[in-house]
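Here's my_file16.cif, which has mmCIF, C-alpha atoms:
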data_model
#
loop_
_atom_site.label_atom_id
_atom_site.label_comp_id
_atom_site.auth_asym_id
_atom_site.auth_seq_id
_atom_site.Cartn_x
_atom_site.Cartn_y
_atom_site.Cartn_z
CA MET A 1 19.17 -54.55 9.45
CA ILE A 2 17.41 -51.86 11.47
CA PRO A 3 14.25 -50.75 9.61
CA GLN A 4 15.02 -47.10 8.82
CA GLU A 5 11.40 -46.31 7.98
CA LYS A 6 10.41 -47.33 11.51
CA ILE A 7 12.98 -44.95 12.98
CA ASP A 8 11.71 -42.19 10.69
CA GLN A 9 8.12 -42.78 11.85
CA ILE A 10 9.10 -42.57 15.52
CA LEU A 11 11.10 -39.36 15.05
CA GLN A 12 8.30 -37.78 13.03
CA ARG A 13 5.71 -38.72 15.65
CA PHE A 14 7.90 -37.31 18.43
CA GLU A 15 8.32 -34.01 16.60
CA PHE A 16 4.58 -33.86 15.95
CA LEU A 17 3.86 -34.37 19.68
CA GLU A 18 6.36 -31.64 20.59
CA ALA A 19 4.73 -29.19 18.21
CA LYS A 20 1.20 -30.11 19.32
CA MET A 21 2.03 -29.63 23.01
CA ALA A 22 3.84 -26.34 22.33
CA ALA A 23 0.78 -25.07 20.44
CA GLY A 24 -1.32 -25.34 23.61
CA ALA A 25 -3.56 -28.41 23.47
CA GLU A 26 -6.67 -28.72 25.65
CA ALA A 27 -6.06 -30.12 29.15
CA ASP A 28 -7.36 -33.66 28.51
CA GLU A 29 -5.58 -33.89 25.16
CA TYR A 30 -2.39 -32.48 26.69
CA VAL A 31 -2.31 -35.26 29.32
CA ALA A 32 -2.65 -37.94 26.62
CA LEU A 33 -0.02 -36.26 24.43
CA SER A 34 2.44 -35.88 27.32
CA LYS A 35 2.09 -39.57 28.25
CA GLU A 36 2.89 -40.63 24.70
CA TYR A 37 5.72 -38.10 24.55
CA SER A 38 7.28 -39.46 27.76
CA ALA A 39 6.95 -43.04 26.50
CA LEU A 40 8.78 -42.12 23.26
CA GLU A 41 11.61 -40.08 24.83
CA ALA A 42 13.93 -43.01 25.55
CA VAL A 43 13.29 -44.55 22.11
CA VAL A 44 13.98 -41.24 20.38
CA ALA A 45 17.22 -40.74 22.32
CA GLN A 46 18.32 -44.22 21.24
CA ALA A 47 17.29 -43.56 17.62
CA ARG A 48 19.20 -40.28 17.47
CA ALA A 49 22.32 -41.87 18.97
CA PHE A 50 22.11 -44.72 16.46
CA ARG A 51 21.63 -42.30 13.58
CA GLN A 52 24.65 -40.29 14.73
CA LEU A 53 26.80 -43.42 14.96
CA THR A 54 25.90 -44.57 11.43
CA ALA A 55 26.49 -41.03 10.10
CA ASP A 56 29.94 -40.97 11.76
CA ILE A 57 30.78 -44.33 10.16
CA GLU A 58 29.76 -43.05 6.71
CA GLU A 59 31.87 -39.92 7.21
CA ALA A 60 34.92 -41.95 8.26
CA GLU A 61 34.47 -44.26 5.27
CA ALA A 62 34.39 -41.26 2.95
CA MET A 63 37.72 -40.05 4.40
CA LEU A 64 39.46 -43.30 3.41
CA SER A 65 39.90 -41.95 -0.12
CA ASP A 66 41.94 -39.01 1.21
CA PRO A 67 45.61 -40.12 1.55
CA GLU A 68 46.24 -37.58 4.29
CA MET A 69 43.22 -38.71 6.34
CA LYS A 70 43.34 -42.44 5.59
CA GLU A 71 45.28 -43.51 8.69
CA PHE A 72 43.07 -41.43 10.99
CA ALA A 73 39.91 -42.68 9.24
CA GLN A 74 40.95 -46.34 9.62
CA GLU A 75 41.56 -45.88 13.34
CA GLU A 76 38.26 -44.03 13.75
CA LEU A 77 36.37 -46.66 11.76
CA GLY A 78 37.70 -49.46 13.94
CA SER A 79 36.39 -47.72 17.06
CA LEU A 80 33.01 -46.82 15.52
CA ARG A 81 32.37 -50.27 14.02
CA ALA A 82 33.19 -51.91 17.34
CA ARG A 83 30.29 -49.96 18.87
CA LEU A 84 27.85 -50.82 16.09
CA PRO A 85 26.67 -54.34 17.15
CA GLU A 86 25.70 -53.18 20.65
CA ALA A 87 24.02 -50.07 19.25
CA GLU A 88 22.06 -52.18 16.75
CA GLN A 89 20.89 -54.54 19.51
CA GLU A 90 19.82 -51.64 21.73
CA MET A 91 17.96 -50.09 18.79
CA ARG A 92 16.16 -53.38 18.05
CA LEU A 93 15.06 -53.61 21.68
CA ALA A 94 13.88 -50.00 21.61
CA LEU A 95 11.78 -50.73 18.52
CA LEU A 96 9.99 -53.69 20.10
CA PRO A 97 6.22 -53.19 20.50
CA ARG A 98 5.71 -51.78 23.97
CA ASP A 99 3.11 -53.14 26.36
CA ALA A 100 0.87 -50.14 26.99
CA ALA A 101 0.12 -51.45 30.49
CA ASP A 102 3.75 -51.58 31.61
CA ASP A 103 3.67 -48.17 33.33
CA LYS A 104 0.50 -48.98 35.27
CA SER A 105 0.07 -49.91 38.90
CA ALA A 106 -1.29 -53.42 39.47
CA ILE A 107 -3.77 -55.54 41.36
CA LEU A 108 -2.03 -58.50 43.00
CA GLU A 109 -4.18 -61.54 43.78
CA ILE A 110 -2.77 -64.53 45.69
CA ARG A 111 -4.86 -67.61 46.46
CA ALA A 112 -4.02 -70.79 48.33
CA GLY A 113 -4.17 -73.83 46.04
CA THR A 114 -3.66 -77.51 46.79
CA GLY A 115 -2.19 -78.26 50.18
CA GLY A 116 -4.70 -77.08 52.80
CA ASP A 117 -3.21 -75.11 55.70
CA GLU A 118 0.29 -75.31 54.24
CA ALA A 119 -0.94 -73.73 50.98
CA ALA A 120 -2.45 -70.84 52.94
CA LEU A 121 0.82 -70.35 54.85
CA PHE A 122 2.72 -70.33 51.54
CA ALA A 123 0.28 -67.77 50.11
CA GLY A 124 1.15 -65.60 53.11
CA ASP A 125 4.87 -66.11 52.45
CA LEU A 126 4.43 -65.04 48.83
CA PHE A 127 2.54 -61.92 49.88
CA GLY A 128 5.37 -61.12 52.29
CA MET A 129 7.91 -61.62 49.49
CA TYR A 130 6.12 -59.23 47.15
CA SER A 131 5.51 -56.72 49.96
CA ARG A 132 9.23 -56.57 50.74
CA TYR A 133 10.06 -56.26 47.03
CA ALA A 134 7.56 -53.41 46.70
CA ALA A 135 9.05 -51.62 49.71
CA GLU A 136 12.55 -51.87 48.20
CA ARG A 137 11.31 -50.21 45.01
CA GLY A 138 9.36 -47.50 46.82
CA TRP A 139 5.94 -48.85 45.80
CA ARG A 140 2.91 -48.72 48.08
CA ILE A 141 0.78 -51.78 48.87
CA GLU A 142 -2.80 -51.52 50.09
CA VAL A 143 -4.74 -54.66 50.99
CA MET A 144 -8.18 -54.58 49.36
CA GLU A 145 -9.60 -57.94 50.42
CA GLU A 146 -8.25 -60.80 52.52
CA SER A 147 -9.41 -64.15 53.84
CA PRO A 148 -7.02 -65.46 56.55
CA GLY A 149 -6.05 -69.14 56.75
CA GLU A 150 -7.00 -71.27 59.73
CA VAL A 151 -3.42 -71.48 61.05
CA GLY A 152 -2.00 -68.36 59.40
CA GLY A 153 -1.31 -67.03 55.94
CA PHE A 154 -4.20 -66.43 53.56
CA LYS A 155 -6.79 -68.43 51.74
CA GLU A 156 -6.96 -65.38 49.48
CA ILE A 157 -5.54 -61.86 49.50
CA VAL A 158 -6.06 -59.06 46.98
CA ALA A 159 -3.89 -55.94 47.13
CA GLN A 160 -3.26 -52.82 45.11
CA VAL A 161 0.41 -52.17 44.30
CA LYS A 162 0.90 -48.52 43.37
CA GLY A 163 3.99 -47.05 41.77
CA ASP A 164 5.77 -46.41 38.48
CA GLY A 165 6.25 -49.46 36.27
CA VAL A 166 4.72 -51.94 38.71
CA PHE A 167 3.03 -54.07 36.06
CA ALA A 168 6.19 -54.19 33.91
CA ARG A 169 8.09 -55.81 36.79
CA LEU A 170 5.39 -58.06 38.23
CA LYS A 171 3.53 -59.25 35.11
CA PHE A 172 5.68 -62.39 34.78
CA GLU A 173 4.66 -63.54 38.28
CA SER A 174 1.19 -64.75 37.20
CA GLY A 175 0.82 -68.51 37.45
CA VAL A 176 1.06 -71.43 39.87
CA HIS A 177 3.84 -71.21 42.46
CA ARG A 178 4.73 -74.57 44.04
CA VAL A 179 6.46 -75.05 47.39
CA GLN A 180 8.27 -78.12 48.72
CA ARG A 181 9.06 -78.09 52.43
CA VAL A 182 8.40 -79.72 55.80
CA PRO A 183 5.31 -78.01 57.27
CA ALA A 184 5.61 -76.59 60.78
CA THR A 185 2.64 -78.81 61.73
CA GLU A 186 4.32 -81.99 60.44
CA SER A 187 5.99 -83.89 63.26
CA GLY A 188 7.32 -86.68 61.04
CA GLY A 189 9.56 -84.41 59.03
CA ARG A 190 8.05 -85.38 55.67
CA ILE A 191 8.37 -82.95 52.78
CA HIS A 192 5.00 -81.76 51.51
CA THR A 193 4.21 -80.15 48.16
CA SER A 194 1.56 -77.46 48.01
CA ALA A 195 0.80 -74.51 45.79
CA ALA A 196 -0.61 -71.02 45.52
CA THR A 197 -1.74 -69.10 42.48
CA VAL A 198 -0.67 -65.54 41.70
CA ALA A 199 -2.47 -63.18 39.33
CA VAL A 200 -1.08 -59.76 38.48
CA LEU A 201 -3.57 -57.50 36.70
CA PRO A 202 -2.77 -54.04 35.30
CA GLU A 203 -4.82 -51.45 37.11
CA ALA A 204 -7.44 -50.09 34.72
CA GLU A 205 -8.78 -46.56 34.63
CA GLU A 206 -12.27 -45.58 33.56
CA ILE A 207 -10.91 -44.54 30.15
CA ASP A 208 -9.57 -48.11 29.70
CA ILE A 209 -12.79 -49.94 30.59
CA GLU A 210 -16.32 -48.60 30.57
CA ILE A 211 -18.72 -50.40 32.92
CA ARG A 212 -22.38 -49.64 32.31
CA ASN A 213 -24.72 -49.50 35.31
CA GLU A 214 -27.12 -51.93 33.64
CA ASP A 215 -24.30 -54.50 33.35
CA ILE A 216 -23.69 -54.84 37.09
CA ARG A 217 -25.64 -56.05 40.11
CA ILE A 218 -24.58 -54.74 43.52
CA ASP A 219 -25.48 -56.67 46.68
CA THR A 220 -24.75 -55.64 50.25
CA MET A 221 -24.18 -58.15 53.03
CA ARG A 222 -22.82 -58.52 56.53
CA ALA A 223 -19.07 -58.00 56.75
CA SER A 224 -17.17 -61.12 57.73
CA GLY A 225 -14.55 -60.91 60.44
CA ALA A 226 -13.50 -61.98 63.90
CA GLY A 227 -16.70 -60.72 65.49
CA GLY A 228 -17.89 -57.63 67.30
CA GLN A 229 -20.83 -55.29 67.15
CA HIS A 230 -19.97 -53.80 63.74
CA VAL A 231 -19.72 -57.20 62.07
CA ASN A 232 -23.00 -58.36 63.51
CA THR A 233 -25.17 -55.35 62.74
CA THR A 234 -23.95 -53.54 59.61
CA ASP A 235 -24.55 -54.54 55.99
CA SER A 236 -21.37 -52.84 54.77
CA ALA A 237 -19.75 -55.54 52.62
CA VAL A 238 -20.31 -55.16 48.90
CA ARG A 239 -20.51 -57.83 46.20
CA ILE A 240 -20.56 -56.69 42.57
CA THR A 241 -21.52 -59.10 39.80
CA HIS A 242 -20.68 -58.20 36.21
CA LEU A 243 -23.63 -59.76 34.39
CA PRO A 244 -22.16 -60.12 30.86
CA THR A 245 -19.07 -62.02 32.07
CA GLY A 246 -20.19 -63.47 35.42
CA ILE A 247 -17.16 -61.94 37.19
CA VAL A 248 -17.85 -61.44 40.91
CA VAL A 249 -15.82 -59.19 43.21
CA THR A 250 -16.31 -58.42 46.89
CA SER A 251 -14.99 -55.95 49.44
CA SER A 252 -15.84 -56.15 53.13
CA GLU A 253 -14.34 -53.30 55.11
CA LYS A 254 -16.34 -50.95 57.38
CA SER A 255 -17.32 -48.33 54.81
CA GLN A 256 -19.87 -49.38 52.20
CA HIS A 257 -18.83 -46.44 50.01
CA ALA A 258 -15.15 -47.45 50.17
CA ASN A 259 -16.08 -51.07 49.54
CA ARG A 260 -17.96 -50.18 46.38
CA ALA A 261 -15.05 -48.08 45.09
CA LYS A 262 -12.54 -50.87 45.79
CA ALA A 263 -14.73 -53.56 44.27
CA MET A 264 -15.21 -51.48 41.12
CA GLN A 265 -11.46 -50.98 40.93
CA VAL A 266 -10.85 -54.74 41.04
CA LEU A 267 -13.66 -55.38 38.56
CA ARG A 268 -12.17 -52.90 36.09
CA ALA A 269 -8.76 -54.57 36.44
CA ARG A 270 -10.22 -58.03 35.80
CA LEU A 271 -12.21 -56.87 32.79
CA PHE A 272 -9.17 -55.04 31.40
CA ASP A 273 -7.09 -58.19 31.92
CA GLN A 274 -9.77 -60.29 30.20
CA LYS A 275 -9.67 -57.90 27.25
CA ARG A 276 -5.87 -58.20 27.09
CA GLN A 277 -6.03 -61.99 27.35
CA ALA A 278 -8.52 -62.13 24.48
CA ALA A 279 -6.20 -60.02 22.33
CA ASP A 280 -3.29 -62.30 23.22
CA ALA A 281 -5.33 -65.39 22.36
CA GLU A 282 -5.71 -64.10 18.81
CA ARG A 283 -1.93 -64.28 18.55
CA SER A 284 -1.54 -67.49 20.57
CA ALA A 285 0.33 -69.37 17.86
CA GLU A 286 2.93 -66.60 17.70
CA ARG A 287 3.17 -66.28 21.48
CA LYS A 288 3.54 -69.96 22.44
CA GLY A 289 7.21 -69.58 23.23
CA GLN A 290 6.92 -66.31 25.05
CA VAL A 291 7.40 -65.97 28.78
CA GLY A 292 4.60 -63.49 29.38
CA SER A 293 1.71 -65.55 28.07
CA GLY A 294 -0.22 -64.99 31.30
CA ASP A 295 -1.54 -68.56 31.56
CA ARG A 296 -2.47 -68.75 35.24
CA SER A 297 -2.95 -72.52 35.21
CA GLU A 298 0.72 -73.00 34.31
CA ARG A 299 3.16 -74.09 37.02
CA ILE A 300 5.81 -71.45 36.68
CA ARG A 301 8.07 -71.76 39.73
CA THR A 302 9.09 -74.18 42.48
CA TYR A 303 10.45 -73.10 45.88
CA ASN A 304 12.37 -76.04 47.38
CA PHE A 305 13.19 -75.25 51.03
CA PRO A 306 15.25 -78.38 51.94
CA GLN A 307 17.68 -77.61 49.10
CA GLY A 308 17.45 -73.83 49.39
CA ARG A 309 16.67 -73.39 45.71
CA VAL A 310 14.07 -71.68 43.57
CA SER A 311 13.50 -72.79 39.97
CA ASP A 312 11.62 -70.95 37.24
CA HIS A 313 10.43 -73.60 34.80
CA ARG A 314 9.72 -71.23 31.91
CA ILE A 315 13.36 -70.29 31.42
CA ASN A 316 15.05 -73.24 33.17
CA LEU A 317 16.68 -70.96 35.73
CA THR A 318 17.59 -72.27 39.19
CA LEU A 319 18.97 -70.06 41.94
CA TYR A 320 20.38 -71.37 45.22
CA LYS A 321 19.35 -68.29 47.18
CA LEU A 322 15.86 -69.16 48.38
CA ASP A 323 16.21 -67.28 51.67
CA GLN A 324 17.08 -64.05 49.85
CA VAL A 325 14.27 -64.54 47.33
CA MET A 326 11.68 -64.97 50.09
CA GLN A 327 12.98 -61.74 51.61
CA GLY A 328 12.05 -59.93 48.39
CA ASP A 329 15.27 -60.28 46.39
CA VAL A 330 13.52 -61.31 43.16
CA ASP A 331 15.17 -58.94 40.67
CA GLU A 332 17.44 -61.66 39.26
CA LEU A 333 14.40 -63.80 38.42
CA ILE A 334 12.40 -60.91 36.97
CA ASP A 335 15.35 -59.59 34.94
CA ALA A 336 15.92 -63.04 33.42
CA LEU A 337 12.22 -63.41 32.55
CA ALA A 338 12.13 -59.94 30.96
CA ALA A 339 15.26 -60.74 28.93
CA ALA A 340 13.75 -64.03 27.71
CA ASP A 341 10.54 -62.26 26.74
CA GLN A 342 12.52 -59.62 24.84
CA ALA A 343 14.49 -62.32 23.01
CA ALA A 344 11.27 -64.08 21.97
CA LYS A 345 9.77 -60.82 20.71
CA LEU A 346 12.97 -59.96 18.82
CA ALA A 347 12.90 -63.36 17.11
CA GLU A 348 9.24 -62.80 16.22
CA MET A 349 9.95 -59.31 14.84
CA GLU A 350 12.92 -60.48 12.77
CA ALA A 351 10.98 -63.46 11.38
CA ALA A 352 8.12 -61.20 10.24
#
Have the structure of the file written as structure tokens, please.
Amino acid sequence: MIPQEKIDQILQRFEFLEAKMAAGAEADEYVALSKEYSALEAVVAQARAFRQLTADIEEAEAMLSDPEMKEFAQEELGSLRARLPEAEQEMRLALLPRDAADDKSAILEIRAGTGGDEAALFAGDLFGMYSRYAAERGWRIEVMEESPGEVGGFKEIVAQVKGDGVFARLKFESGVHRVQRVPATESGGRIHTSAATVAVLPEAEEIDIEIRNEDIRIDTMRASGAGGQHVNTTDSAVRITHLPTGIVVTSSEKSQHANRAKAMQVLRARLFDQKRQAADAERSAERKGQVGSGDRSERIRTYNFPQGRVSDHRINLTLYKLDQVMQGDVDELIDALAAADQAAKLAEMEAA
């Protein structure tokens, strides 16, 4: 059964927000209220539609006692009751606890793992895959830090992905991605296995994470690069160490001011993610079966080039469309992961 008191609470909160905004809240408060209001709009629309459906069913049931209306009521009831299971399922999904970070932009970090040069090339392929996916969705990608591989690709690349709902779509991508293919440098045609790790962090704002000046150490150093006068003479690269956690971030472009801003942005994202991970750990027993656990040491996906398949091990899904996936067609994977996560949360909510 749908918990009616939960629906009542949501509708009451929505009406309160409407009244508060109409009364003329202060600018900062208005922004916070409008964000919550927007987040509730879809849920409220679903709740009102569900309420209307159940009210129509009750009205039709009441008409059964009227001989003149009985035939019409029976026909109407059949139609209304047929819609009820789908409406109940949609209402359950709408009532699921919402990840507050879903609407945020994200920091995407990709690092070459085991496999040497081939791992770096694969890290580059993954970055290309996500870049094409972002372009399809109208998101903007800005590289914040990169360390090229010896023969191509990246030893490490960190990028900001800006847009609506970025984290909601990419959050299931965190983990170890494994590739099986014949490297371009392999003359014998042997299939190699290598890996890259992906971390997707919700972008944090200053209101999400406060970083005190006394908790960080900022060092400047020579920018690394292919060479040239700027690289050799200017201490523009910035390294920030967060003393309480030991987290270290760097940025090494030409502007020291820009580097500091970018490094602080990444540091905030990592601290925010750490805070989220700690909260999840408190519920680890409940979340063991959930897709979005965020364990970055877990091997989540294998890309097998000889067989043209990609397999997600968390949901036992295999697609024979590897070429399309590498071109950024990853919606089928992400949709399946989101559906599995929703199913796990529904089971958890109904068991409570």
Legend entry - Long-range neighbours of Ala94 (chain A) as a VMD selection string, 9 Å cut-off, all atoms listed in the file, 2 positions minimum in chain: chain A and resid 42 to 44 46 to 47 89 to 92 96 to 98
Legend entry - Long-range neighbours of Glu15 (chain A) as a ChimeraX atom specification, 12 Å cut-off, only C-alpha atoms, 3 positions minimum in chain: /A:8-12,18-22,33,36-37,40-41,44
Inset, instruction - Given the file shown, enumerate the residues that the PyMOL selection byres ((chain A and resi 132) around 12) captures and present them as an MDAnalysis selection string. - result: chainID A and resid 125:131 133:141 161 324:331
Legend entry - Length of the CA of His242 (chain A) to CA of Ile216 (chain A) vector [Å]: 4.6 Å
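The gap separating CA of Glu59 (chain A) from CA of Ala73 (chain A) is 8.7 Å, in Å to one decimal.
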Inset, instruction - Go through A:Leu346, A:Ala237, A:Ala269, A:Leu333 one by one, measure the shortest atom-to-atom distance of each to Ser252 (chain A) using only C-alpha atoms, and give the residue with the smallest value. - result: A:Ala237
Inset, instruction - Considering all atoms listed in the file, state which residue in the set A:Lys6, A:Arg260, A:Arg301, A:Arg212 is at the smallest distance from Met144 (chain A). - result: A:Arg260
Inset, instruction - Identify the residues within 10 Å of coordinate (-2.6, -46.9, 37.2) (same frame as the file), considering only C-alpha atoms, and give the answer as a VMD selection string. - result: chain A and resid 101 to 107 160 to 167 202 to 205 269
Inset, instruction - For CA of Thr193 (chain A) and CA of Ala338 (chain A), quote the distance in Å rounded to one decimal. - result: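 Going from CA of Thr193 (chain A) over to CA of Ala338 (chain A) covers 27.7 Å.
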Inset, instruction - Go through A:Leu53, A:Leu317, A:Ile240, A:Met69 one by one, measure the shortest atom-to-atom distance of each to Met221 (chain A) using all atoms listed in the file, and give the residue with the smallest value. - result: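 Closest to Met221 (chain A) of all the choices is A:Ile240.
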Legend entry - Answer key for the PyMOL selection byres ((chain A and resi 122) around 9), residues as a list in words: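 Taken over the shown coordinates, the PyMOL selection byres ((chain A and resi 122) around 9) returns Ala112, Asp117, Glu118, Ala119, Ala120, Leu121, Ala123, Gly124, Asp125, Leu126, Phe127, Gly153, Phe154, Arg178, Val179, Ser194, Ala195 and Ala196 of chain A.
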Since the input has fewer atoms than a full residue there, write region 299-328 of chain A out with N, CA and C atoms, as an mmCIF file, in the frame of the given file.
data_model
loop_
_atom_site.group_PDB
_atom_site.id
_atom_site.type_symbol
_atom_site.label_atom_id
_atom_site.label_comp_id
_atom_site.auth_asym_id
_atom_site.auth_seq_id
_atom_site.Cartn_x
_atom_site.Cartn_y
_atom_site.Cartn_z
ATOM 1 N N ARG A 299 2.225 -74.074 35.894
ATOM 2 C CA ARG A 299 3.160 -74.090 37.020
ATOM 3 C C ARG A 299 4.434 -73.392 36.576
ATOM 4 N N ILE A 300 4.696 -72.250 37.178
ATOM 5 C CA ILE A 300 5.810 -71.450 36.680
ATOM 6 C C ILE A 300 7.066 -71.550 37.542
ATOM 7 N N ARG A 301 6.896 -71.844 38.849
ATOM 8 C CA ARG A 301 8.070 -71.760 39.730
ATOM 9 C C ARG A 301 7.939 -72.735 40.894
ATOM 10 N N THR A 302 9.065 -73.291 41.316
ATOM 11 C CA THR A 302 9.090 -74.180 42.480
ATOM 12 C C THR A 302 10.079 -73.621 43.504
ATOM 13 N N TYR A 303 9.625 -73.563 44.756
ATOM 14 C CA TYR A 303 10.450 -73.100 45.880
ATOM 15 C C TYR A 303 10.752 -74.326 46.737
ATOM 16 N N ASN A 304 11.988 -74.833 46.660
ATOM 17 C CA ASN A 304 12.370 -76.040 47.380
ATOM 18 C C ASN A 304 13.191 -75.640 48.609
ATOM 19 N N PHE A 305 12.545 -75.722 49.798
ATOM 20 C CA PHE A 305 13.190 -75.250 51.030
ATOM 21 C C PHE A 305 14.306 -76.176 51.514
ATOM 22 N N PRO A 306 14.155 -77.521 51.462
ATOM 23 C CA PRO A 306 15.250 -78.380 51.940
ATOM 24 C C PRO A 306 16.555 -78.132 51.190
ATOM 25 N N GLN A 307 16.468 -77.835 49.897
ATOM 26 C CA GLN A 307 17.680 -77.610 49.100
ATOM 27 C C GLN A 307 18.013 -76.136 48.913
ATOM 28 N N GLY A 308 17.175 -75.260 49.466
ATOM 29 C CA GLY A 308 17.450 -73.830 49.390
ATOM 30 C C GLY A 308 17.466 -73.282 47.987
ATOM 31 N N ARG A 309 16.634 -73.843 47.112
ATOM 32 C CA ARG A 309 16.670 -73.390 45.710
ATOM 33 C C ARG A 309 15.289 -72.969 45.234
ATOM 34 N N VAL A 310 15.303 -72.094 44.239
ATOM 35 C CA VAL A 310 14.070 -71.680 43.570
ATOM 36 C C VAL A 310 14.310 -71.854 42.078
ATOM 37 N N SER A 311 13.352 -72.489 41.401
ATOM 38 C CA SER A 311 13.500 -72.790 39.970
ATOM 39 C C SER A 311 12.337 -72.196 39.199
ATOM 40 N N ASP A 312 12.657 -71.436 38.143
ATOM 41 C CA ASP A 312 11.620 -70.950 37.240
ATOM 42 C C ASP A 312 11.620 -71.860 36.021
ATOM 43 N N HIS A 313 10.488 -72.559 35.827
ATOM 44 C CA HIS A 313 10.430 -73.600 34.800
ATOM 45 C C HIS A 313 10.291 -73.053 33.393
ATOM 46 N N ARG A 314 9.901 -71.799 33.248
ATOM 47 C CA ARG A 314 9.720 -71.230 31.910
ATOM 48 C C ARG A 314 11.038 -70.956 31.225
ATOM 49 N N ILE A 315 12.067 -70.646 32.009
ATOM 50 C CA ILE A 315 13.360 -70.290 31.420
ATOM 51 C C ILE A 315 14.474 -71.191 31.945
ATOM 52 N N ASN A 316 14.082 -72.272 32.644
ATOM 53 C CA ASN A 316 15.050 -73.240 33.170
ATOM 54 C C ASN A 316 16.152 -72.578 33.994
ATOM 55 N N LEU A 317 15.740 -71.661 34.872
ATOM 56 C CA LEU A 317 16.680 -70.960 35.730
ATOM 57 C C LEU A 317 16.511 -71.437 37.168
ATOM 58 N N THR A 318 17.609 -71.864 37.785
ATOM 59 C CA THR A 318 17.590 -72.270 39.190
ATOM 60 C C THR A 318 18.593 -71.426 39.968
ATOM 61 N N LEU A 319 18.120 -70.856 41.069
ATOM 62 C CA LEU A 319 18.970 -70.060 41.940
ATOM 63 C C LEU A 319 19.034 -70.720 43.313
ATOM 64 N N TYR A 320 20.226 -70.808 43.876
ATOM 65 C CA TYR A 320 20.380 -71.370 45.220
ATOM 66 C C TYR A 320 20.477 -70.219 46.217
ATOM 67 N N LYS A 321 19.409 -69.452 46.277
ATOM 68 C CA LYS A 321 19.350 -68.290 47.180
ATOM 69 C C LYS A 321 17.901 -68.095 47.641
ATOM 70 N N LEU A 322 17.281 -69.198 48.039
ATOM 71 C CA LEU A 322 15.860 -69.160 48.380
ATOM 72 C C LEU A 322 15.578 -68.194 49.528
ATOM 73 N N ASP A 323 16.446 -68.177 50.528
ATOM 74 C CA ASP A 323 16.210 -67.280 51.670
ATOM 75 C C ASP A 323 16.146 -65.819 51.221
ATOM 76 N N GLN A 324 17.071 -65.424 50.336
ATOM 77 C CA GLN A 324 17.080 -64.050 49.850
ATOM 78 C C GLN A 324 15.846 -63.753 49.000
ATOM 79 N N VAL A 325 15.454 -64.722 48.179
ATOM 80 C CA VAL A 325 14.270 -64.540 47.330
ATOM 81 C C VAL A 325 13.037 -64.313 48.193
ATOM 82 N N MET A 326 12.861 -65.113 49.234
ATOM 83 C CA MET A 326 11.680 -64.970 50.090
ATOM 84 C C MET A 326 11.704 -63.661 50.869
ATOM 85 N N GLN A 327 12.877 -63.050 50.965
ATOM 86 C CA GLN A 327 12.980 -61.740 51.610
ATOM 87 C C GLN A 327 12.761 -60.595 50.614
ATOM 88 N N GLY A 328 12.380 -60.958 49.379
ATOM 89 C CA GLY A 328 12.050 -59.930 48.390
ATOM 90 C C GLY A 328 13.112 -59.685 47.345
#
